[in-house]
Structures are given as C-alpha cells and as structure tokens.
$ cat upload.cif   # mmCIF, C-alpha atoms
data_target
loop_
_atom_site.label_atom_id
_atom_site.label_comp_id
_atom_site.auth_asym_id
_atom_site.auth_seq_id
_atom_site.Cartn_x
_atom_site.Cartn_y
_atom_site.Cartn_z
CA MET O 1 -167.90 86.24 -44.68
CA LYS O 2 -170.00 84.98 -41.75
CA HIS O 3 -168.20 84.24 -38.50
CA SER O 4 -169.15 82.25 -35.47
CA ASN O 5 -167.32 81.80 -32.26
CA LYS O 6 -164.98 78.99 -31.48
CA HIS O 7 -162.35 78.91 -28.76
CA ASN O 8 -162.27 80.27 -25.32
CA LEU O 9 -159.98 81.64 -22.73
CA TYR O 10 -160.50 83.73 -19.72
CA LEU O 11 -157.94 86.42 -19.26
CA PRO O 12 -157.26 89.99 -18.53
CA CYS O 13 -155.42 90.03 -21.85
CA LEU O 14 -155.35 87.09 -24.48
CA THR O 15 -156.56 80.84 -26.29
CA ILE O 16 -156.14 81.11 -26.66
CA LEU O 17 -159.23 80.35 -27.09
CA ALA O 18 -158.87 81.53 -23.43
CA VAL O 19 -159.86 84.26 -21.11
CA ALA O 20 -158.36 85.99 -18.09
CA LEU O 21 -159.41 87.00 -14.65
CA ILE O 22 -158.08 90.25 -13.27
CA CYS O 23 -158.31 90.47 -9.51
CA VAL O 24 -157.46 93.60 -7.64
CA ALA O 25 -157.35 94.05 -3.86
CA CYS O 26 -158.72 97.55 -3.71
CA SER O 27 -162.02 99.44 -3.81
CA LYS O 28 -163.63 102.52 -5.24
CA ASP O 29 -162.86 104.29 -1.99
CA ASP O 30 -159.13 104.29 -2.73
CA THR O 31 -157.40 107.34 -4.12
CA ALA O 32 -157.74 108.14 -7.83
CA THR O 33 -154.03 107.65 -8.34
CA LEU O 34 -152.80 104.31 -7.03
CA PRO O 35 -149.34 103.68 -5.57
CA ASP O 36 -146.99 102.55 -8.29
CA GLY O 37 -146.20 98.84 -8.20
CA LYS O 38 -148.82 98.04 -5.54
CA TYR O 39 -151.78 96.57 -7.42
CA PRO O 40 -150.68 94.07 -10.09
CA VAL O 41 -153.00 92.93 -12.86
CA THR O 42 -153.36 89.21 -12.10
CA LEU O 43 -154.28 86.91 -14.96
CA ASN O 44 -155.97 83.53 -14.97
CA ALA O 45 -156.35 81.77 -18.34
CA ILE O 46 -159.11 79.24 -18.21
CA GLY O 47 -160.04 76.17 -20.24
CA LEU O 48 -159.17 76.03 -23.86
CA ASN O 49 -161.03 72.76 -23.71
CA PRO O 50 -162.47 70.84 -20.77
CA THR O 51 -160.69 67.70 -21.96
CA PRO O 52 -157.43 68.52 -23.75
CA VAL O 53 -156.64 66.28 -26.72
CA THR O 54 -152.98 67.21 -26.79
CA ARG O 55 -150.73 69.67 -25.01
CA ALA O 56 -151.23 72.33 -27.64
CA THR O 57 -153.44 75.41 -27.85
CA SER O 58 -155.02 74.20 -31.09
CA ASP O 59 -156.22 71.02 -29.36
CA GLY O 60 -157.08 72.14 -25.88
CA SER O 61 -154.19 72.93 -23.57
CA TRP O 62 -151.75 75.69 -22.69
CA THR O 63 -148.15 74.76 -21.93
CA THR O 64 -145.55 76.59 -19.87
CA ASP O 65 -143.69 77.29 -23.12
CA ASP O 66 -146.56 79.33 -24.59
CA GLU O 67 -145.77 83.04 -24.78
CA ILE O 68 -148.69 85.45 -24.88
CA ALA O 69 -148.48 89.13 -25.78
CA ILE O 70 -150.56 91.33 -23.48
CA GLN O 71 -151.19 94.93 -24.51
CA VAL O 72 -152.66 97.59 -22.24
CA GLY O 73 -153.84 100.78 -23.92
CA GLY O 74 -152.96 104.28 -22.82
CA GLY O 75 -149.29 104.00 -23.65
CA TYR O 76 -148.47 101.10 -21.31
CA GLY O 77 -147.15 98.96 -24.15
CA VAL O 78 -146.94 95.18 -24.65
CA LYS O 79 -145.53 92.61 -22.25
CA LYS O 80 -144.86 88.88 -22.42
CA TYR O 81 -146.89 86.60 -20.16
CA VAL O 82 -146.66 82.82 -19.78
CA PRO O 83 -148.72 80.07 -18.07
CA ILE O 84 -147.10 78.96 -14.83
CA THR O 85 -148.54 75.44 -15.28
CA ALA O 86 -149.79 73.39 -18.20
CA GLY O 87 -153.43 72.57 -18.85
CA PRO O 88 -156.73 73.99 -20.01
CA THR O 89 -156.96 76.16 -16.88
CA VAL O 90 -153.82 78.09 -15.98
CA THR O 91 -152.56 81.22 -14.29
CA LEU O 92 -150.63 83.71 -16.41
CA ASN O 93 -147.63 85.50 -14.98
CA ALA O 94 -145.26 88.01 -16.48
CA ALA O 95 -142.37 86.17 -18.13
CA ALA O 96 -138.99 85.97 -16.41
CA GLY O 97 -137.36 89.39 -16.27
CA VAL O 98 -140.58 91.20 -17.23
CA THR O 99 -142.24 93.66 -14.83
CA PRO O 100 -145.98 92.91 -14.73
CA PHE O 101 -148.67 95.48 -15.46
CA TYR O 102 -149.91 97.44 -12.44
CA TRP O 103 -153.06 99.46 -12.03
CA GLN O 104 -152.15 103.16 -12.13
CA ASN O 105 -155.64 104.40 -11.23
CA ARG O 106 -159.24 103.19 -11.21
CA ASP O 107 -159.98 104.13 -14.81
CA ASP O 108 -161.10 101.43 -17.24
CA ILE O 109 -158.32 100.01 -19.39
CA ASN O 110 -158.37 98.59 -22.90
CA VAL O 111 -156.62 95.23 -23.11
CA SER O 112 -155.77 93.09 -26.11
CA ALA O 113 -153.76 89.88 -26.32
CA TRP O 114 -152.53 87.44 -28.92
CA TYR O 115 -150.86 84.08 -29.13
CA LEU O 116 -148.90 83.07 -32.23
CA GLY O 117 -147.97 79.45 -32.84
CA THR O 118 -144.72 80.61 -34.45
CA GLY O 119 -143.55 82.30 -31.26
CA TYR O 120 -143.81 85.55 -29.33
CA ASN O 121 -144.12 88.84 -31.18
CA ALA O 122 -144.66 92.12 -29.32
CA THR O 123 -146.22 93.55 -32.48
CA LEU O 124 -149.53 92.18 -33.71
CA PRO O 125 -148.84 90.92 -37.27
CA THR O 126 -150.64 92.43 -40.24
CA SER O 127 -150.80 89.05 -41.99
CA TRP O 128 -150.84 85.37 -41.08
CA SER O 129 -149.99 82.20 -42.98
CA VAL O 130 -150.65 78.58 -42.11
CA GLN O 131 -148.01 75.91 -42.65
CA THR O 132 -148.14 73.48 -45.58
CA ASP O 133 -146.54 70.52 -43.76
CA GLN O 134 -149.08 70.16 -40.96
CA ASN O 135 -148.55 66.40 -41.00
CA ILE O 136 -145.68 67.38 -38.68
CA ASP O 137 -147.09 68.20 -35.23
CA GLU O 138 -144.84 71.24 -34.77
CA SER O 139 -145.94 72.77 -38.07
CA TYR O 140 -149.58 72.11 -37.27
CA GLN O 141 -149.22 74.00 -33.98
CA LYS O 142 -147.30 76.82 -35.67
CA SER O 143 -150.41 77.53 -37.75
CA ASP O 144 -152.42 78.50 -34.67
CA PHE O 145 -153.27 82.15 -33.95
CA LEU O 146 -155.54 83.44 -31.18
CA TYR O 147 -156.69 86.96 -30.37
CA ALA O 148 -158.72 88.71 -27.67
CA SER O 149 -159.62 92.27 -26.81
CA GLY O 150 -161.87 94.12 -24.40
CA THR O 151 -162.30 96.83 -21.80
CA ILE O 152 -161.63 96.04 -18.14
CA ASP O 153 -162.76 98.05 -15.16
CA PHE O 154 -160.86 98.27 -11.91
CA ASP O 155 -163.68 97.35 -9.55
CA GLY O 156 -165.34 94.01 -10.24
CA THR O 157 -164.74 91.46 -12.98
CA LYS O 158 -165.25 91.48 -16.74
CA SER O 159 -164.99 88.82 -19.42
CA LEU O 160 -162.45 88.81 -22.19
CA THR O 161 -162.85 86.09 -24.80
CA PHE O 162 -160.13 84.60 -26.99
CA TYR O 163 -160.95 83.49 -30.50
CA HIS O 164 -159.08 81.21 -32.86
CA GLN O 165 -158.52 83.26 -35.99
CA THR O 166 -158.01 80.26 -38.23
CA ALA O 167 -160.60 77.59 -39.03
CA LYS O 168 -160.06 73.89 -38.36
CA VAL O 169 -160.83 71.14 -40.88
CA VAL O 170 -161.33 67.60 -39.55
CA ILE O 171 -161.50 64.60 -41.89
CA ASN O 172 -162.69 61.19 -40.67
CA ILE O 173 -162.16 58.21 -42.99
CA ARG O 174 -164.42 55.18 -42.61
CA ASN O 175 -163.23 51.61 -42.21
CA TYR O 176 -165.05 50.33 -45.29
CA ASP O 177 -164.64 48.58 -48.64
CA VAL O 178 -161.22 49.40 -50.18
CA VAL O 179 -160.07 51.35 -47.10
CA THR O 180 -159.60 48.96 -44.17
CA ASP O 181 -155.95 49.49 -43.28
CA ALA O 182 -155.00 52.90 -41.86
CA GLU O 183 -151.36 52.29 -42.74
CA LYS O 184 -152.31 52.31 -46.43
CA ILE O 185 -153.59 55.89 -46.24
CA ASP O 186 -150.59 57.70 -47.68
CA SER O 187 -151.85 61.25 -47.18
CA VAL O 188 -154.79 63.61 -46.83
CA LYS O 189 -154.24 66.96 -48.54
CA ILE O 190 -156.23 70.18 -48.61
CA THR O 191 -155.80 72.81 -51.30
CA SER O 192 -156.53 76.33 -50.08
CA VAL O 193 -155.31 79.90 -49.85
CA LEU O 194 -152.50 79.88 -47.29
CA ASP O 195 -152.17 83.61 -46.55
CA GLY O 196 -154.53 85.99 -44.80
CA SER O 197 -154.66 89.64 -43.81
CA ILE O 198 -155.28 90.77 -40.24
CA SER O 199 -157.51 93.80 -39.95
CA ASP O 200 -157.17 96.19 -37.02
CA ASN O 201 -160.85 96.53 -36.22
CA ALA O 202 -161.46 96.54 -32.48
CA THR O 203 -165.19 95.87 -32.96
CA GLU O 204 -164.62 92.44 -34.52
CA HIS O 205 -163.74 89.19 -32.81
CA TYR O 206 -162.31 87.82 -36.04
CA ARG O 207 -159.56 89.73 -37.80
CA LEU O 208 -158.18 87.19 -40.26
CA CYS O 209 -159.41 86.72 -43.82
CA ALA O 210 -157.84 85.15 -46.90
CA ASP O 211 -155.87 87.27 -49.33
CA GLY O 212 -156.85 86.66 -52.92
CA GLY O 213 -154.52 84.57 -54.91
CA THR O 214 -152.20 81.65 -54.61
CA TYR O 215 -153.58 78.23 -53.76
CA ARG O 216 -151.24 75.67 -52.23
CA THR O 217 -151.56 72.21 -50.72
CA ILE O 218 -151.63 71.49 -46.98
CA SER O 219 -150.69 68.01 -45.75
CA ALA O 220 -153.12 67.28 -42.91
CA ASN O 221 -152.09 66.12 -39.45
CA LYS O 222 -152.99 62.51 -38.56
CA LEU O 223 -154.50 62.10 -35.10
CA ALA O 224 -152.76 59.59 -32.85
CA SER O 225 -156.15 58.01 -32.14
CA PRO O 226 -159.04 58.13 -34.65
CA ASN O 227 -162.21 59.95 -33.63
CA THR O 228 -165.04 57.96 -32.07
CA GLY O 229 -168.79 58.41 -32.38
CA VAL O 230 -168.49 59.44 -36.02
CA VAL O 231 -171.66 59.27 -38.13
CA PHE O 232 -170.89 58.08 -41.65
CA GLU O 233 -174.14 56.25 -42.38
CA GLY O 234 -176.47 55.02 -39.67
CA ALA O 235 -175.11 54.37 -36.20
CA PRO O 236 -172.01 56.18 -34.89
CA GLU O 237 -168.71 54.33 -35.23
CA THR O 238 -164.98 54.78 -34.77
CA ALA O 239 -163.16 56.16 -37.80
CA LEU O 240 -160.40 54.13 -39.40
CA ALA O 241 -158.24 57.27 -39.34
CA SER O 242 -158.78 60.96 -38.57
CA PHE O 243 -156.89 63.99 -39.85
CA GLN O 244 -156.96 67.72 -39.06
CA ALA O 245 -155.55 70.96 -40.40
CA LEU O 246 -155.74 74.67 -39.59
CA VAL O 247 -156.73 76.83 -42.55
CA ILE O 248 -157.16 80.50 -43.38
CA PRO O 249 -160.84 81.63 -43.38
CA GLN O 250 -161.99 81.67 -47.01
CA THR O 251 -164.75 81.01 -49.51
CA LEU O 252 -164.53 77.53 -51.04
CA SER O 253 -164.47 76.84 -54.77
CA ILE O 254 -163.32 74.31 -57.37
CA ASN O 255 -159.83 75.42 -56.38
CA THR O 256 -160.14 73.97 -52.85
CA PRO O 257 -160.44 70.16 -53.17
CA ILE O 258 -159.61 67.66 -50.43
CA GLU O 259 -157.62 64.70 -51.73
CA ILE O 260 -157.03 61.29 -50.15
CA LYS O 261 -154.23 59.09 -51.40
CA ILE O 262 -154.59 55.36 -50.71
CA ASN O 263 -151.65 53.08 -51.46
CA GLY O 264 -152.40 51.15 -54.65
CA TYR O 265 -155.22 53.41 -55.85
CA ASP O 266 -155.61 56.62 -57.76
CA THR O 267 -156.22 59.72 -55.65
CA PHE O 268 -159.74 60.07 -54.25
CA SER O 269 -160.99 63.66 -54.31
CA PHE O 270 -163.99 65.76 -53.33
CA THR O 271 -164.60 69.50 -53.22
CA PRO O 272 -166.36 71.00 -50.17
CA VAL O 273 -168.67 73.97 -50.65
CA GLY O 274 -169.50 77.07 -48.64
CA GLU O 275 -167.04 78.92 -46.41
CA TRP O 276 -164.46 78.20 -43.75
CA ASN O 277 -164.95 80.83 -41.06
CA GLY O 278 -162.51 81.73 -38.31
CA GLY O 279 -163.00 79.93 -35.01
CA ASN O 280 -165.09 77.12 -36.53
CA VAL O 281 -164.30 73.47 -37.04
CA TYR O 282 -165.56 71.84 -40.23
CA THR O 283 -165.87 68.05 -40.12
CA TYR O 284 -166.06 65.81 -43.18
CA ASN O 285 -166.91 62.13 -42.61
CA ILE O 286 -165.78 60.22 -45.69
CA THR O 287 -166.81 56.80 -46.98
CA ILE O 288 -164.95 55.50 -50.04
CA LYS O 289 -166.90 52.92 -52.04
CA GLY O 290 -164.70 51.82 -54.90
CA ARG O 291 -164.47 54.91 -57.07
CA GLN O 292 -167.30 56.73 -55.28
CA VAL O 293 -166.62 59.12 -52.42
CA THR O 294 -169.53 59.78 -50.05
CA VAL O 295 -169.19 62.70 -47.66
CA ASN O 296 -171.30 63.36 -44.59
CA THR O 297 -170.58 66.93 -43.53
CA ASN O 298 -170.91 68.51 -40.13
CA THR O 299 -169.95 72.16 -40.35
CA ASP O 300 -170.05 75.36 -38.36
CA ILE O 301 -169.47 73.60 -35.06
CA GLY O 302 -167.82 75.16 -32.06
CA TRP O 303 -164.11 74.45 -31.66
CA ILE O 304 -164.96 73.04 -28.28
CA THR O 305 -167.16 69.96 -28.69
CA GLY O 306 -170.76 70.85 -28.02
CA GLY O 307 -169.87 74.47 -27.31
CA SER O 308 -171.04 77.67 -28.92
CA GLY O 309 -167.57 78.46 -30.15
CA THR O 310 -166.80 81.29 -27.82
CA GLY O 311 -164.78 81.05 -24.72
CA SER O 312 -165.87 83.05 -21.83
CA GLY O 313 -164.23 83.96 -18.67
CA GLU O 314 -163.70 86.65 -16.17
CA ILE O 315 -161.06 89.27 -15.93
#
$ encode --input "upload.cif" --output "structure tokens"
Amino acid sequence: MKHSNKHNLYLPCLTILAVALICVACSKDDTATLPDGKYPVTLNAIGLNPTPVTRATSDGSWTTDDEIAIQVGGGYGVKKYVPITAGPTVTLNAAAGVTPFYWQNRDDINVSAWYLGTGYNATLPTSWSVQTDQNIDESYQKSDFLYASGTIDFDGTKSLTFYHQTAKVVINIRNYDVVTDAEKIDSVKITSVLDGSISDNATEHYRLCADGGTYRTISANKLASPNTGVVFEGAPETALASFQALVIPQTLSINTPIEIKINGYDTFSFTPVGEWNGGNVYTYNITIKGRQVTVNTNTDIGWITGGSGTGSGEI
C-alpha cells in the first residue's frame, strides 16, 4: 500500500503530526560522561496546523490534556510528556511527578514517541481500532493515533517528524436540488475495516495497516461549520454540510460504500475506489441530483491544507 506524508510535529520525541526541538547547553568539548541531571532534553512541539480547526490533534491543535509517550533507546525507558500550553505550537514538559530525560553523554540517541487518542500508554500498541460513533466529538478524537521516530545527536539540531497513522475522509455535501436543508441530513456513514495492525519497523513512517476481515459502519463527524471553497461543479462554493471520519489505512472495494441518509428519501450511496493511506486526507465533494449521486474526488492531499503531508521540525 502506497503511503504519503500527512501531519507534522517538531519534537525530540513524538502530532502529533508534530515535531520536537531538543536544545542542550553544552558543546563537544565537554566530558564524554555528563553530570547526571544537568542537561535535560527540552522538547518543543510545533504546529500540527497553522490554523487549528478545533482544539484536537486530529484537527490542528495540542491541548494541555494531551499525554505523549516519549521513548529513549539504550534502556532509558518511556516517560509521559504533556504540552504546557494549548495550540499548534507548544512546549512539551515531563508530566507532573515524572523526572525528565537527561543527556548522559554526547552519544546519539534513538527517540520514538506516540500519541493515542484513547489516552496514555507507556507501551506502543500492536493494534489500533477507530471508533464507530465518530459523530460524537470525543469518539472522533479517540480514533487519532500519531507516531514519530528518529536519531538525535547531542550537538546541533535534528528533525523528528510525526505522522498520523490513520487516514482522514472528508465528505462535502452540496446545497442543491433535493438537499437544501442541512438539518434534513440524518447521517453520513462509511463502511470499512475498523481494525489495523501496527508493525514495529523503524524504517517506516507508517506502521498501521488494516487487518483482513470484519467490515463495520462508522458514523461520520459533522463539522460545526461547513467547508468553504469546495469545487462541486464549476466555481468554488460553500458546502451545505461537511463531515469527517478517521479510518484505518486499507484498500477500497465494494465492501466500503459511503452512504448518505436524507430525511424523507431512500439512502444515497456511492463506493469510492483506490486506497486510503495513512496520513492522507481523502475528500469527496458530493452533489445529489434526484436519484443520481455525482462525486468530485480530491484524494491524496496532505493533512495540512496545501502541505506535503509531513510535518517537519527540529529537535
């Protein structure tokens, strides 16, 4: 399955879509073994999204409640870090009661980090599942999963990029013909594989891929404000309503339809083709003309609007 980059963070560990900056006040002239507890690894997590849509990692912003697992190789273990402020650009500190990582010597260190929407876990999961009831904001956010890894040297700065492991599906519905009242859109549902396996391959940015098997239905999350500048046919316009969902990366088939239920009508349905790859957002702009459903697709776009899909930053 092809992958392309999507979210960014700058950190010396995990963004989210986010990266970290590790600053150390010492030089190559210092002793090989550094004084214990003297040179902390300082983390700055930068810009999930230049303009956050909501205060959630999946839509562009860290919050002070987000708990990020930072792992330093060489037997130093995993520690919990949190943003000290909210926003797309934040500083990460060790959580309350947690001793931060310190440089022990000037050797390069291997760092990995992960953020789970379901809450902190000091062990990287071997599998991941998205929620079915993503029409509820909390469940939508619980489906998010970000990962980053890299090697950091003591002197100077290095980049560590965070990648969304899920894919995002965005559905814009046009104000047209039988669909002119957003309140009459009962639901937008996506059928897909809900469960994925996480591989432990340090050479890959993307570690999540669908398990074979059970297909279930996801209720998509309705955006508080519909998307603007949407191209259905001709000039860009504002959608009547917009929906989004996080999905497991997978190959699409007749088993993965998207269904729209309008009050007073039978269910409108179409089946996308291709693949949903981790870190990508797949946008479907839908016009319903009586019984006909016309779909203008815009796929394989960076999670950050206009971006390449990768976050970059300095550690």
$ atom_distance --input "upload.cif" --atom1 "atom CA of O:Thr118" --atom2 "atom CA of O:Ser139"
8.7 Å
$ atom_distance --input "upload.cif" --atom1 "atom CA of O:Val193" --atom2 "atom CA of O:Gln134"
14.6 Å
$ closest_residue --input "upload.cif" --among "O:Glu237, O:Asp211, O:Asp133, O:Asp177" --to "O:Gln292" --atoms "only C-alpha atoms"
O:Asp177
$ atom_distance --input "upload.cif" --atom1 "atom CA of O:Asp186" --atom2 "atom CA of O:Val273"
24.5 Å
$ axis_aligned_box --input "upload.cif" --around "stretch 250-263 of chain O" --padding-each-side "3 Å" --output "JSON"
{"center_x": -158.2, "center_y": 67.4, "center_z": -52.2, "size_x": 19.1, "size_y": 34.6, "size_z": 16.4}
$ closest_residue --input "upload.cif" --among "O:Gly119, O:Pro100, O:Gly213, O:Gly73" --to "O:Ile152" --atoms "all atoms listed in the file"
O:Gly73
$ closest_residue --input "upload.cif" --among "O:Leu92, O:Leu252, O:Val179, O:Ile190" --to "O:Lys289" --atoms "all atoms listed in the file"
O:Val179
$ residues_around --input "upload.cif" --residues "O:Tyr147" --least-positions-apart "6" --cutoff "6 Å" --atoms "all atoms listed in the file" --output "VMD selection string"
chain O and resid 113 to 114 162 to 163
$ resolve_selection --input "upload.cif" --expression "the PyMOL selection byres ((chain O and resi 128) around 6)" --output "ChimeraX atom specification"
/O:127,129,195-196
$ closest_residue --input "upload.cif" --among "O:Gln250, O:Ser225, O:Asn263, O:Ser149" --to "O:Asp181" --atoms "only C-alpha atoms"
O:Asn263
$ resolve_selection --input "upload.cif" --expression "the PyMOL selection byres ((chain O and resi 125) around 10)" --output "PyMOL selection string"
chain O and resi 114+116+121-124+126-128+197-200
$ closest_residue --input "upload.cif" --among "O:Asn277, O:Ile248, O:Thr228, O:Thr271" --to "O:His205" --atoms "only C-alpha atoms"
O:Asn277
